[in-house]
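> Handing you this structure, nothing more for now.
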Amino acid sequence: MKFSEKWLREWVNPDIDSDTLSALLTQAGLEVDAIEPVAGDFTGVVVGQVVSVEPHPDADKLRCCKVDVAGDELLSIVCGAANVRQDLKIPVAVVGSVLPGNFKIKKAKLRGVESFGMLCGASEIGLVDNVKGLMELADDAPIGTDLREYLDLDDVSIDVDLTPNRSDCLGVAGIAREVGVLTGCDLTQWPQATISEKSTKTVNITVDAVADCPRYVGRVIENVNVKAETPLWMQEKLRRSGVRSLGPVVDVTNYVMLELGQPMHAFDLDKLSGGITVRTAKDAEKLTLLDEQEVTITDNTLVIADDSSALALAGIMGGEASSVTDDTKHLFLEAAHFNPLVIAGRARAYGLHTDSSHRFERGVDPELPCAAIERATALLLDIVGGEAGPISESVSEESLPQEKVITLRASRIKRVLGIAIDTAQVEDQLTRLGLTVVADDDSWQVTVPSFRFDLAIEVDLIEELGRLYGYDKLPETRPQGTVLTTDISEHTLATHRLQALLVDRGYQEAITYSFVDPEIQQHLAIDGEEAIALANPISADLSVMRTSLWPGLIQAMVYNLNRQHDRIRLFEVGRSFRGTQDNVEQHRQIGGVVCGSRYAEQWSDKQRPIDFFDVKADVEALLDLGGETSIRFVAEEHPALHPGQTARIYKDEQAIGWLGALHPRLNKALGLNVRVYVFELALTPVLNAQVPSFEPLSRFPTNRRDLALVVDSHTTAGEIEHCLNGVKSDILKEIQLFDVYSGDGVEVGKKSIAVAFYLQHAERTLTDEEVEALMLTIAERLEQHVGAVIRS
């Protein structure tokens, strides 16, 4: 929010300088980003009037002018501006003047003709940048008056960076209210002239989307002169607020928006077909905006329409077809209150960000439209004339924000802020903020005004008192409280254990957005898995919620690959999201992406690319932290992973994750040119841990028995281990696969796997009979479950 300090002081004028004012605003939470002079540093420039203009005898583009500056005689000044003409009033830098940049004006001779000064444009005195031609002053500008005095240029523009919750300060009136509270000064209200309704003309207003637009106000003003000149005082206030003058009608609507915080719009009445309707857009409806951009409106966008077509994007920008032009004779002036959720994000969806959308998506006072219409009408009648009609209003009281009453306790103020604020100070400050305060013993019943969307509960009011008191003045007290113990279960690992293990294995932790590109999400999703679309995305490439950690991690990998990092190991602990907007399921995951060589460049070992089993070892290390023995990797298919290098990870019979190589067909779509391996695990099962229990060492000897098993070539070691883990025996202590063989002596399509079994009893020496019985049981189980045959 940018505004002129002198404009602010028309509303509230504390006896403090600009720097003190800036510091007060910043300490109160309205951070001042910049304070800039409204004009360059110049002296000696006065108001002058061109009396005569003659051609230069020796230059086609120069003119010899006689200029009246209320001196003893007319000044002869040579000028090359195209808009110089007789009777024009302009700024004149007389001999001895100093312009910005310490440029001193001296008597000069231009192509043989003496010149005693300089006729100035706005850019030459530091008002605006890069504007050609002379600055044209009003016809009633007093000749000879110092220009700084005439334009009141001893002023600064203050730029305040507001947080999104302080939409009430997106107008000079709101800033003035804050300054009034901070300094104890009373506000000066704007002049509220009585509008004489000389016209009976109205426009019928229909609001179909009452929940989206609870209040819509309009007024017809007939027989206006849109070619009238915007008063210099208004042009200057707009300029000092960073807004360019675009003609009296637009200037007035912009002025009221900057003054009160209510965006407005004016239509050419003769271009409207029938009445005004506030509705959602029809499918594929098109509209050419004021910036000449044609947009196809989505069906979730609110529009202002007449009986034939859409006229404007509600709360964002008007349309070109119904805009005010030099031929406009009659106006339809509108002001409205829109639900902030309906406007939020809509402008960005069309590549727009306007002063109007900036305010409406943060919230505009629902009681302000009528006051703004009256203020704008009074200004327009003064500037462009005309006859105003009655105000037409459509309002849905039940859809408007409801009045909030909050109980504020004195004891709560002291507990939160650490200080006791005087009762009179509490009531005075809250009242100056526009709140209605009713005392009730040791508390107050506070009614929140319609313009404060950010005040909802008691601590919001306490925060207001704290910032007005001054955060820098609050005492430094150590917090006091009772330390509560929490149960730490040995059955659950701490997440940082997993993070530390991966870091130890050469990974780096990444934190990526929960919002991802829908195209990348689709490439990496399981068939039939739909991502949740955001209602108001930050941008098109961050418009859905991730269903996996892979999209963000792969984008981070691509970013690093593009910057000459060829060995990358990234992991993330985060949430994935499934379901619908109304029922979002959040799942904690741990995932990783890997590419490049197995080890960093070194001298002691030959380099080789990382492979599936290297990454599988990392995943197994994660799973081993909890001491789980029921983990198995099963070859399955995933649409984003390479067939033959993909494994589904199971704990007991529950699928908990995936591991594999990214499918080569995705490399181009994802911007990759290397082999990439990925893994992802549900976090909760990984964090479950087996609690160690003590078991005394046996004093009796261990018995080892080896079996050579002939199985199908596609049978995995994991399947054999899973089968053997199901053997229930108090003497079977350990199983180890130690050899794989295929070739001579083994049938084609088969392989031989050697397994060692370690047997031991805790209290006695094993007998041959019980060992043989166990081995027979094992052989039968292997034959039943994996078709294994004991190799002779």
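Letters for chains follow the order of the structure tokens (A, B, ...), residue numbers begin at 1 for each chain, and ligand numbers begin at 1 in the order shown.
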Where in segment 230-309 of chain A does DSSP assign helix (DSSP H, G or I), given as a PyMOL selection string?
chain A and resi 232-240+248-260+269-271
> May I have the residues from that selection written out with N, CA and C atoms, as a short mmCIF file (atom, residue, chain, number, x, y, z; two decimals), in the first residue's frame?

data_model
loop_
_atom_site.label_atom_id
_atom_site.label_comp_id
_atom_site.auth_asym_id
_atom_site.auth_seq_id
_atom_site.Cartn_x
_atom_site.Cartn_y
_atom_site.Cartn_z
N LEU A 232 -5.92 18.65 -10.55
CA LEU A 232 -4.50 18.39 -10.31
C LEU A 232 -4.27 17.75 -8.95
N TRP A 233 -5.05 18.14 -7.93
CA TRP A 233 -4.86 17.57 -6.60
C TRP A 233 -5.11 16.06 -6.59
N MET A 234 -6.10 15.64 -7.38
CA MET A 234 -6.40 14.21 -7.45
C MET A 234 -5.33 13.48 -8.27
N GLN A 235 -4.90 14.08 -9.37
CA GLN A 235 -3.84 13.47 -10.17
C GLN A 235 -2.58 13.27 -9.33
N GLU A 236 -2.27 14.28 -8.51
CA GLU A 236 -1.06 14.20 -7.69
C GLU A 236 -1.18 13.12 -6.61
N LYS A 237 -2.35 13.01 -5.98
CA LYS A 237 -2.53 11.97 -4.96
C LYS A 237 -2.41 10.58 -5.59
N LEU A 238 -2.97 10.43 -6.77
CA LEU A 238 -2.86 9.15 -7.47
C LEU A 238 -1.41 8.86 -7.83
N ARG A 239 -0.73 9.88 -8.39
CA ARG A 239 0.67 9.69 -8.79
C ARG A 239 1.54 9.30 -7.61
N ARG A 240 1.32 9.96 -6.49
CA ARG A 240 2.13 9.68 -5.30
C ARG A 240 1.79 8.33 -4.68
N PRO A 248 -11.02 11.21 -15.90
CA PRO A 248 -11.71 11.54 -14.66
C PRO A 248 -12.52 10.40 -14.04
N VAL A 249 -13.19 9.60 -14.86
CA VAL A 249 -14.04 8.53 -14.30
C VAL A 249 -13.19 7.46 -13.66
N VAL A 250 -12.19 6.96 -14.38
CA VAL A 250 -11.31 5.93 -13.83
C VAL A 250 -10.53 6.50 -12.64
N ASP A 251 -10.11 7.75 -12.74
CA ASP A 251 -9.36 8.37 -11.64
C ASP A 251 -10.17 8.40 -10.36
N VAL A 252 -11.46 8.71 -10.48
CA VAL A 252 -12.31 8.77 -9.29
C VAL A 252 -12.47 7.39 -8.66
N THR A 253 -12.70 6.36 -9.47
CA THR A 253 -12.84 5.01 -8.90
C THR A 253 -11.54 4.56 -8.24
N ASN A 254 -10.41 4.90 -8.87
CA ASN A 254 -9.12 4.56 -8.26
C ASN A 254 -8.89 5.36 -6.98
N TYR A 255 -9.29 6.61 -7.00
CA TYR A 255 -9.11 7.47 -5.83
C TYR A 255 -9.89 6.93 -4.63
N VAL A 256 -11.14 6.55 -4.86
CA VAL A 256 -11.96 6.02 -3.77
C VAL A 256 -11.39 4.69 -3.26
N MET A 257 -10.88 3.87 -4.18
CA MET A 257 -10.26 2.61 -3.76
C MET A 257 -9.06 2.87 -2.86
N LEU A 258 -8.21 3.83 -3.23
CA LEU A 258 -7.03 4.14 -2.41
C LEU A 258 -7.41 4.82 -1.11
N GLU A 259 -8.48 5.60 -1.14
CA GLU A 259 -8.88 6.35 0.04
C GLU A 259 -9.60 5.45 1.05
N LEU A 260 -10.60 4.69 0.58
CA LEU A 260 -11.44 3.91 1.49
C LEU A 260 -11.11 2.42 1.48
N LEU A 269 -23.13 3.09 -19.67
CA LEU A 269 -24.52 2.64 -19.56
C LEU A 269 -25.11 2.26 -20.91
N ASP A 270 -24.76 3.02 -21.95
CA ASP A 270 -25.34 2.77 -23.27
C ASP A 270 -24.87 1.45 -23.88
N LYS A 271 -23.80 0.88 -23.34
CA LYS A 271 -23.27 -0.38 -23.87
C LYS A 271 -23.83 -1.60 -23.15
#
> Write out as number ranges by chain which residues come within 12 Å of Met317 of chain A when counting only C-alpha atoms, dropping same-chain ones fewer than 3 positions away.
A: 263-267, 287-295, 302-304, 310-314, 320, 322-323, 343, 346-347, 350-358, 360
> Smallest atom-to-atom distance to Ile16 of chain A: which of A:Leu119, A:Ile373, A:Cys185, A:Ile631, using only C-alpha atoms?
A:Cys185
> Nearest residue to Val686 of chain A out of A:Arg588, A:His638, A:Lys728, A:Arg575, using only C-alpha atoms?
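Among the listed residues, the smallest separation from Val686 of chain A belongs to A:Arg588.
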> Quick one: pick out all strand (DSSP E or B) residues within segment 527-767 of chain A from a backbone DSSP run and write them as a short mmCIF file (atom, residue, chain, number, x, y, z; two decimals) with N, CA, C and O atoms, in the first residue's frame.

data_model
loop_
_atom_site.label_atom_id
_atom_site.label_comp_id
_atom_site.auth_asym_id
_atom_site.auth_seq_id
_atom_site.Cartn_x
_atom_site.Cartn_y
_atom_site.Cartn_z
N ALA A 533 -6.76 -32.02 -6.80
CA ALA A 533 -6.49 -30.73 -7.42
C ALA A 533 -6.73 -29.60 -6.42
O ALA A 533 -7.67 -29.64 -5.64
N VAL A 544 -1.55 -29.69 -8.00
CA VAL A 544 -2.15 -30.88 -7.38
C VAL A 544 -1.32 -31.29 -6.17
O VAL A 544 -0.14 -30.97 -6.06
N MET A 545 -1.97 -32.01 -5.25
CA MET A 545 -1.28 -32.54 -4.08
C MET A 545 -0.56 -33.84 -4.48
O MET A 545 -1.11 -34.65 -5.22
N ILE A 568 24.12 -38.22 -7.33
CA ILE A 568 23.09 -37.61 -6.47
C ILE A 568 22.39 -38.69 -5.67
O ILE A 568 21.97 -39.72 -6.21
N ARG A 569 22.26 -38.45 -4.37
CA ARG A 569 21.48 -39.32 -3.49
C ARG A 569 20.64 -38.41 -2.60
O ARG A 569 21.19 -37.71 -1.74
N LEU A 570 19.35 -38.41 -2.82
CA LEU A 570 18.45 -37.55 -2.05
C LEU A 570 17.39 -38.40 -1.37
O LEU A 570 16.94 -39.41 -1.93
N PHE A 571 16.98 -37.98 -0.17
CA PHE A 571 15.84 -38.63 0.47
C PHE A 571 14.97 -37.56 1.12
O PHE A 571 15.39 -36.42 1.34
N GLU A 572 13.73 -37.93 1.40
CA GLU A 572 12.80 -37.00 2.04
C GLU A 572 11.87 -37.78 2.95
O GLU A 572 11.45 -38.90 2.64
N VAL A 573 11.54 -37.18 4.08
CA VAL A 573 10.49 -37.68 4.96
C VAL A 573 9.36 -36.67 4.89
O VAL A 573 9.54 -35.49 5.20
N GLY A 574 8.20 -37.10 4.43
CA GLY A 574 7.10 -36.16 4.24
C GLY A 574 5.78 -36.88 4.11
O GLY A 574 5.67 -38.09 4.34
N ARG A 575 4.77 -36.13 3.72
CA ARG A 575 3.41 -36.67 3.62
C ARG A 575 2.98 -36.76 2.16
O ARG A 575 3.32 -35.90 1.35
N SER A 576 2.22 -37.79 1.87
CA SER A 576 1.53 -37.88 0.58
C SER A 576 0.04 -37.76 0.85
O SER A 576 -0.42 -37.97 1.98
N PHE A 577 -0.71 -37.40 -0.20
CA PHE A 577 -2.11 -37.06 0.00
C PHE A 577 -2.98 -37.82 -1.01
O PHE A 577 -2.70 -37.81 -2.21
N ARG A 578 -4.02 -38.43 -0.50
CA ARG A 578 -4.95 -39.16 -1.36
C ARG A 578 -6.37 -38.86 -0.92
O ARG A 578 -6.60 -38.32 0.16
N GLY A 579 -7.32 -39.21 -1.78
CA GLY A 579 -8.73 -38.99 -1.46
C GLY A 579 -9.30 -37.87 -2.29
O GLY A 579 -9.00 -37.72 -3.48
N THR A 580 -10.15 -37.04 -1.66
CA THR A 580 -10.80 -35.92 -2.33
C THR A 580 -10.59 -34.66 -1.50
O THR A 580 -10.09 -34.73 -0.36
N ASN A 583 -12.30 -35.08 1.71
CA ASN A 583 -11.83 -36.16 2.58
C ASN A 583 -10.39 -36.50 2.21
O ASN A 583 -10.12 -37.42 1.45
N VAL A 584 -9.46 -35.73 2.76
CA VAL A 584 -8.05 -35.88 2.42
C VAL A 584 -7.39 -36.87 3.38
O VAL A 584 -7.46 -36.70 4.60
N GLU A 585 -6.78 -37.91 2.82
CA GLU A 585 -6.01 -38.86 3.62
C GLU A 585 -4.53 -38.50 3.51
O GLU A 585 -4.01 -38.37 2.41
N GLN A 586 -3.88 -38.36 4.66
CA GLN A 586 -2.46 -38.02 4.68
C GLN A 586 -1.66 -39.23 5.17
O GLN A 586 -2.01 -39.83 6.19
N HIS A 587 -0.61 -39.56 4.43
CA HIS A 587 0.22 -40.71 4.78
C HIS A 587 1.68 -40.26 4.87
O HIS A 587 2.20 -39.64 3.94
N ARG A 588 2.33 -40.60 5.98
CA ARG A 588 3.74 -40.26 6.13
C ARG A 588 4.59 -41.29 5.39
O ARG A 588 4.38 -42.50 5.52
N GLN A 589 5.53 -40.79 4.60
CA GLN A 589 6.36 -41.64 3.77
C GLN A 589 7.83 -41.27 3.95
O GLN A 589 8.17 -40.17 4.39
N ILE A 590 8.70 -42.21 3.59
CA ILE A 590 10.11 -41.90 3.43
C ILE A 590 10.50 -42.43 2.05
O ILE A 590 10.18 -43.56 1.69
N GLY A 591 11.13 -41.57 1.27
CA GLY A 591 11.46 -41.95 -0.10
C GLY A 591 12.81 -41.40 -0.50
O GLY A 591 13.37 -40.51 0.15
N GLY A 592 13.35 -41.95 -1.58
CA GLY A 592 14.65 -41.49 -2.05
C GLY A 592 14.82 -41.67 -3.54
O GLY A 592 14.10 -42.44 -4.18
N VAL A 593 15.78 -40.93 -4.10
CA VAL A 593 16.17 -41.06 -5.51
C VAL A 593 17.69 -41.12 -5.56
O VAL A 593 18.38 -40.45 -4.79
N VAL A 594 18.20 -41.94 -6.49
CA VAL A 594 19.65 -42.16 -6.57
C VAL A 594 20.05 -42.24 -8.03
O VAL A 594 19.34 -42.83 -8.86
N CYS A 595 21.19 -41.63 -8.38
CA CYS A 595 21.77 -41.80 -9.70
C CYS A 595 23.28 -41.58 -9.60
O CYS A 595 23.79 -41.07 -8.61
N SER A 597 27.44 -42.79 -9.87
CA SER A 597 28.32 -43.89 -9.52
C SER A 597 28.08 -44.38 -8.09
O SER A 597 27.50 -43.67 -7.27
N PRO A 609 28.64 -47.77 -12.20
CA PRO A 609 27.35 -47.12 -11.92
C PRO A 609 26.62 -47.85 -10.79
O PRO A 609 26.78 -49.05 -10.60
N ILE A 631 10.44 -59.05 6.51
CA ILE A 631 10.44 -58.21 5.31
C ILE A 631 10.79 -59.07 4.10
O ILE A 631 11.70 -59.90 4.15
N ARG A 632 10.09 -58.84 3.00
CA ARG A 632 10.45 -59.53 1.76
C ARG A 632 10.22 -58.61 0.57
O ARG A 632 9.35 -57.73 0.59
N PHE A 633 11.02 -58.81 -0.45
CA PHE A 633 10.96 -58.05 -1.70
C PHE A 633 10.39 -58.97 -2.78
O PHE A 633 10.94 -60.05 -3.04
N VAL A 634 9.29 -58.57 -3.39
CA VAL A 634 8.60 -59.39 -4.37
C VAL A 634 8.59 -58.67 -5.71
O VAL A 634 8.24 -57.49 -5.79
N ALA A 635 8.99 -59.38 -6.76
CA ALA A 635 8.99 -58.78 -8.10
C ALA A 635 7.55 -58.51 -8.54
O ALA A 635 6.74 -59.43 -8.67
N LEU A 641 8.06 -47.77 -13.18
CA LEU A 641 9.34 -48.43 -12.93
C LEU A 641 9.65 -49.46 -14.02
O LEU A 641 8.76 -49.97 -14.69
N HIS A 642 10.94 -49.75 -14.15
CA HIS A 642 11.45 -50.63 -15.20
C HIS A 642 11.05 -52.09 -14.91
O HIS A 642 11.34 -52.61 -13.83
N PRO A 643 10.39 -52.77 -15.87
CA PRO A 643 10.05 -54.18 -15.65
C PRO A 643 11.35 -54.98 -15.45
O PRO A 643 12.32 -54.79 -16.16
N GLY A 644 11.33 -55.87 -14.48
CA GLY A 644 12.51 -56.67 -14.20
C GLY A 644 13.44 -56.04 -13.19
O GLY A 644 14.34 -56.70 -12.67
N GLN A 645 13.26 -54.73 -12.92
CA GLN A 645 14.05 -54.06 -11.89
C GLN A 645 13.11 -53.33 -10.95
O GLN A 645 13.33 -52.18 -10.57
N THR A 646 12.03 -54.03 -10.57
CA THR A 646 11.01 -53.45 -9.70
C THR A 646 10.65 -54.45 -8.62
O THR A 646 10.46 -55.64 -8.91
N ALA A 647 10.56 -53.99 -7.40
CA ALA A 647 10.17 -54.86 -6.29
C ALA A 647 9.15 -54.16 -5.42
O ALA A 647 9.28 -52.97 -5.12
N ARG A 648 8.13 -54.89 -5.05
CA ARG A 648 7.17 -54.44 -4.04
C ARG A 648 7.68 -54.95 -2.70
O ARG A 648 8.12 -56.10 -2.58
N ILE A 649 7.65 -54.11 -1.69
CA ILE A 649 8.20 -54.46 -0.38
C ILE A 649 7.05 -54.79 0.56
O ILE A 649 6.09 -54.00 0.69
N TYR A 650 7.14 -55.94 1.20
CA TYR A 650 6.09 -56.40 2.11
C TYR A 650 6.66 -56.59 3.51
O TYR A 650 7.80 -57.04 3.68
N LYS A 651 5.84 -56.26 4.50
CA LYS A 651 6.14 -56.59 5.88
C LYS A 651 5.02 -57.51 6.35
O LYS A 651 3.86 -57.09 6.38
N GLN A 654 1.62 -57.28 4.48
CA GLN A 654 1.22 -55.90 4.17
C GLN A 654 2.24 -55.24 3.25
O GLN A 654 3.44 -55.22 3.54
N ALA A 655 1.75 -54.68 2.10
CA ALA A 655 2.63 -53.95 1.19
C ALA A 655 2.96 -52.61 1.82
O ALA A 655 2.06 -51.85 2.19
N ILE A 656 4.27 -52.31 1.93
CA ILE A 656 4.66 -51.06 2.59
C ILE A 656 5.48 -50.14 1.69
O ILE A 656 5.85 -49.04 2.10
N GLY A 657 5.79 -50.58 0.46
CA GLY A 657 6.57 -49.68 -0.39
C GLY A 657 7.01 -50.29 -1.69
O GLY A 657 6.65 -51.43 -2.03
N TRP A 658 7.78 -49.46 -2.46
CA TRP A 658 8.29 -49.84 -3.77
C TRP A 658 9.78 -49.52 -3.86
O TRP A 658 10.28 -48.60 -3.20
N LEU A 659 10.46 -50.29 -4.72
CA LEU A 659 11.86 -50.06 -5.02
C LEU A 659 12.08 -50.42 -6.47
O LEU A 659 11.55 -51.43 -6.95
N GLY A 660 12.83 -49.60 -7.20
CA GLY A 660 13.11 -49.98 -8.58
C GLY A 660 13.81 -48.90 -9.37
O GLY A 660 14.09 -47.80 -8.87
N ALA A 661 14.08 -49.24 -10.65
CA ALA A 661 14.68 -48.30 -11.58
C ALA A 661 13.56 -47.57 -12.31
O ALA A 661 12.56 -48.17 -12.70
N LEU A 662 13.74 -46.26 -12.50
CA LEU A 662 12.74 -45.48 -13.23
C LEU A 662 12.66 -45.99 -14.67
O LEU A 662 13.67 -46.31 -15.30
N VAL A 676 18.05 -43.84 -13.18
CA VAL A 676 17.64 -43.34 -11.86
C VAL A 676 16.93 -44.46 -11.11
O VAL A 676 16.07 -45.16 -11.67
N TYR A 677 17.28 -44.64 -9.84
CA TYR A 677 16.63 -45.61 -8.97
C TYR A 677 15.86 -44.86 -7.89
O TYR A 677 16.32 -43.82 -7.39
N VAL A 678 14.70 -45.39 -7.54
CA VAL A 678 13.84 -44.72 -6.56
C VAL A 678 13.34 -45.75 -5.55
O VAL A 678 13.26 -46.95 -5.85
N PHE A 679 13.02 -45.27 -4.37
CA PHE A 679 12.34 -46.12 -3.39
C PHE A 679 11.41 -45.25 -2.57
O PHE A 679 11.59 -44.03 -2.44
N GLU A 680 10.39 -45.88 -2.02
CA GLU A 680 9.45 -45.18 -1.14
C GLU A 680 8.81 -46.19 -0.21
O GLU A 680 8.39 -47.27 -0.64
N LEU A 681 8.74 -45.84 1.07
CA LEU A 681 8.20 -46.72 2.10
C LEU A 681 7.20 -45.96 2.96
O LEU A 681 7.39 -44.77 3.25
N ALA A 682 6.14 -46.65 3.38
CA ALA A 682 5.25 -46.08 4.38
C ALA A 682 6.04 -45.96 5.69
O ALA A 682 6.71 -46.91 6.12
N ASN A 688 8.12 -49.12 13.30
CA ASN A 688 7.82 -50.17 14.29
C ASN A 688 9.07 -51.01 14.54
O ASN A 688 9.76 -51.41 13.60
N ASN A 703 25.19 -77.27 16.01
CA ASN A 703 25.21 -78.28 14.95
C ASN A 703 24.85 -77.59 13.64
O ASN A 703 23.84 -76.91 13.54
N ARG A 704 25.69 -77.74 12.62
CA ARG A 704 25.40 -77.15 11.31
C ARG A 704 25.03 -78.26 10.34
O ARG A 704 25.73 -79.26 10.23
N ARG A 705 23.93 -78.02 9.61
CA ARG A 705 23.53 -78.91 8.54
C ARG A 705 23.33 -78.09 7.27
O ARG A 705 22.71 -77.02 7.31
N ASP A 706 23.87 -78.60 6.15
CA ASP A 706 23.73 -77.91 4.86
C ASP A 706 22.79 -78.70 3.97
O ASP A 706 22.81 -79.95 3.96
N LEU A 707 21.97 -77.95 3.20
CA LEU A 707 21.12 -78.56 2.20
C LEU A 707 21.38 -77.87 0.86
O LEU A 707 21.46 -76.64 0.79
N ALA A 708 21.51 -78.67 -0.20
CA ALA A 708 21.58 -78.13 -1.56
C ALA A 708 20.21 -78.31 -2.19
O ALA A 708 19.74 -79.44 -2.37
N LEU A 709 19.55 -77.22 -2.52
CA LEU A 709 18.18 -77.25 -3.03
C LEU A 709 18.17 -76.96 -4.52
O LEU A 709 18.80 -76.00 -4.97
N VAL A 710 17.45 -77.77 -5.27
CA VAL A 710 17.25 -77.51 -6.70
C VAL A 710 15.87 -76.88 -6.86
O VAL A 710 14.85 -77.50 -6.50
N VAL A 711 15.85 -75.64 -7.39
CA VAL A 711 14.60 -74.90 -7.55
C VAL A 711 14.54 -74.32 -8.96
O VAL A 711 15.55 -74.31 -9.69
N ASP A 712 13.36 -73.83 -9.34
CA ASP A 712 13.23 -73.17 -10.63
C ASP A 712 14.13 -71.94 -10.65
O ASP A 712 14.34 -71.27 -9.63
N LEU A 732 16.28 -74.25 15.98
CA LEU A 732 16.77 -73.61 14.75
C LEU A 732 17.13 -72.16 15.06
O LEU A 732 16.27 -71.33 15.29
N LYS A 733 18.41 -71.86 15.10
CA LYS A 733 18.88 -70.54 15.53
C LYS A 733 19.16 -69.59 14.37
O LYS A 733 18.98 -68.39 14.49
N GLU A 734 19.62 -70.11 13.25
CA GLU A 734 20.02 -69.22 12.16
C GLU A 734 19.95 -69.95 10.84
O GLU A 734 20.19 -71.16 10.78
N ILE A 735 19.61 -69.22 9.78
CA ILE A 735 19.57 -69.75 8.42
C ILE A 735 20.42 -68.85 7.55
O ILE A 735 20.33 -67.62 7.64
N GLN A 736 21.25 -69.43 6.70
CA GLN A 736 22.12 -68.62 5.85
C GLN A 736 22.24 -69.25 4.46
O GLN A 736 22.63 -70.41 4.33
N LEU A 737 21.89 -68.46 3.42
CA LEU A 737 22.08 -68.89 2.04
C LEU A 737 23.51 -68.52 1.64
O LEU A 737 23.90 -67.35 1.75
N PHE A 738 24.29 -69.54 1.20
CA PHE A 738 25.69 -69.23 0.97
C PHE A 738 26.20 -69.59 -0.42
O PHE A 738 27.36 -69.33 -0.73
N ASP A 739 25.36 -70.17 -1.30
CA ASP A 739 25.89 -70.52 -2.62
C ASP A 739 24.74 -70.67 -3.60
O ASP A 739 23.63 -71.10 -3.24
N VAL A 740 25.00 -70.27 -4.86
CA VAL A 740 24.06 -70.45 -5.96
C VAL A 740 24.85 -71.05 -7.12
O VAL A 740 25.94 -70.57 -7.46
N TYR A 741 24.27 -72.10 -7.76
CA TYR A 741 24.99 -72.75 -8.86
C TYR A 741 24.00 -73.17 -9.92
O TYR A 741 22.89 -73.65 -9.63
N LYS A 750 16.73 -74.77 -14.08
CA LYS A 750 16.81 -74.94 -12.63
C LYS A 750 18.11 -74.31 -12.12
O LYS A 750 19.02 -73.98 -12.89
N LYS A 751 18.20 -74.15 -10.81
CA LYS A 751 19.44 -73.71 -10.17
C LYS A 751 19.54 -74.38 -8.81
O LYS A 751 18.53 -74.81 -8.22
N SER A 752 20.77 -74.45 -8.32
CA SER A 752 21.01 -75.05 -7.01
C SER A 752 21.38 -73.96 -6.01
O SER A 752 22.25 -73.14 -6.27
N ILE A 753 20.69 -73.96 -4.89
CA ILE A 753 20.96 -72.99 -3.83
C ILE A 753 21.35 -73.75 -2.57
O ILE A 753 20.63 -74.65 -2.14
N ALA A 754 22.49 -73.40 -2.02
CA ALA A 754 22.96 -74.06 -0.79
C ALA A 754 22.59 -73.22 0.42
O ALA A 754 22.81 -72.01 0.44
N VAL A 755 22.02 -73.92 1.43
CA VAL A 755 21.55 -73.24 2.63
C VAL A 755 22.16 -73.92 3.85
O VAL A 755 22.16 -75.17 3.95
N ALA A 756 22.68 -73.11 4.76
CA ALA A 756 23.23 -73.62 6.01
C ALA A 756 22.23 -73.40 7.13
O ALA A 756 21.65 -72.32 7.25
N PHE A 757 22.04 -74.43 7.99
CA PHE A 757 21.13 -74.35 9.14
C PHE A 757 21.95 -74.55 10.41
O PHE A 757 22.70 -75.53 10.55
N TYR A 758 21.83 -73.60 11.35
CA TYR A 758 22.57 -73.68 12.60
C TYR A 758 21.59 -74.07 13.71
O TYR A 758 20.60 -73.34 13.96
N LEU A 759 21.87 -75.21 14.35
CA LEU A 759 20.97 -75.79 15.33
C LEU A 759 21.65 -75.83 16.69
O LEU A 759 22.84 -76.17 16.81
#
> Of the candidates A:Ser309, A:Thr296, A:Thr26, A:Thr482, which shows the shortest atom-to-atom distance to Val160 of chain A, using only C-alpha atoms?
A:Thr26
> When you count only C-alpha atoms, which of these residues is closest to Asn300 of chain A: A:Arg279, A:His565, A:Arg764, A:Lys329?
A:Arg279
> Just want the 7 Å neighbourhood of Pro701 of chain A, counted on only C-alpha atoms, with same-chain residues fewer than 2 positions away dropped. Output as an MDAnalysis selection string.
chainID A and resid 699 703 760 765
> In Å, with one decimal, what is the gap from atom CA of Gly180 of chain A to atom CA of Asp161 of chain A?
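Computing the Euclidean distance for atom CA of Gly180 of chain A and atom CA of Asp161 of chain A yields 19.0 Å.
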> Asp19 of chain A: which residues within 12 Å, counting only C-alpha atoms, same-chain residues fewer than 5 positions away excluded, as a list in words?
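Surrounding residues, per the criterion: Glu5, Leu24, Leu25, Thr26, Val32, Ala34, Ile35, Glu36, Val156 and Ile158 of chain A.
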> Can you write out the residues you just picked, keeping C-alpha atoms, as a compact mmCIF listing (two decimals), in the first residue's frame?

# COMPACT_ATOMS: atom_id res chain seq x y z
CA GLU A 5 2.09 11.37 3.73
CA LEU A 24 5.54 3.70 14.68
CA LEU A 25 3.85 1.94 11.75
CA THR A 26 6.61 -0.66 11.49
CA VAL A 32 7.29 0.47 5.99
CA ALA A 34 10.30 2.72 1.62
CA ILE A 35 9.95 6.46 2.10
CA GLU A 36 10.62 8.39 -1.10
CA VAL A 156 6.99 11.86 0.68
CA ILE A 158 5.25 5.90 2.08
> Which residue out of A:Glu197, A:Asp472, A:Glu653, A:Asp152 has the minimum interatomic distance to Ser630 of chain A when only C-alpha atoms are used?
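Between A:Glu197, A:Asp472, A:Glu653, A:Asp152, the residue approaching Ser630 of chain A most closely is A:Glu653.
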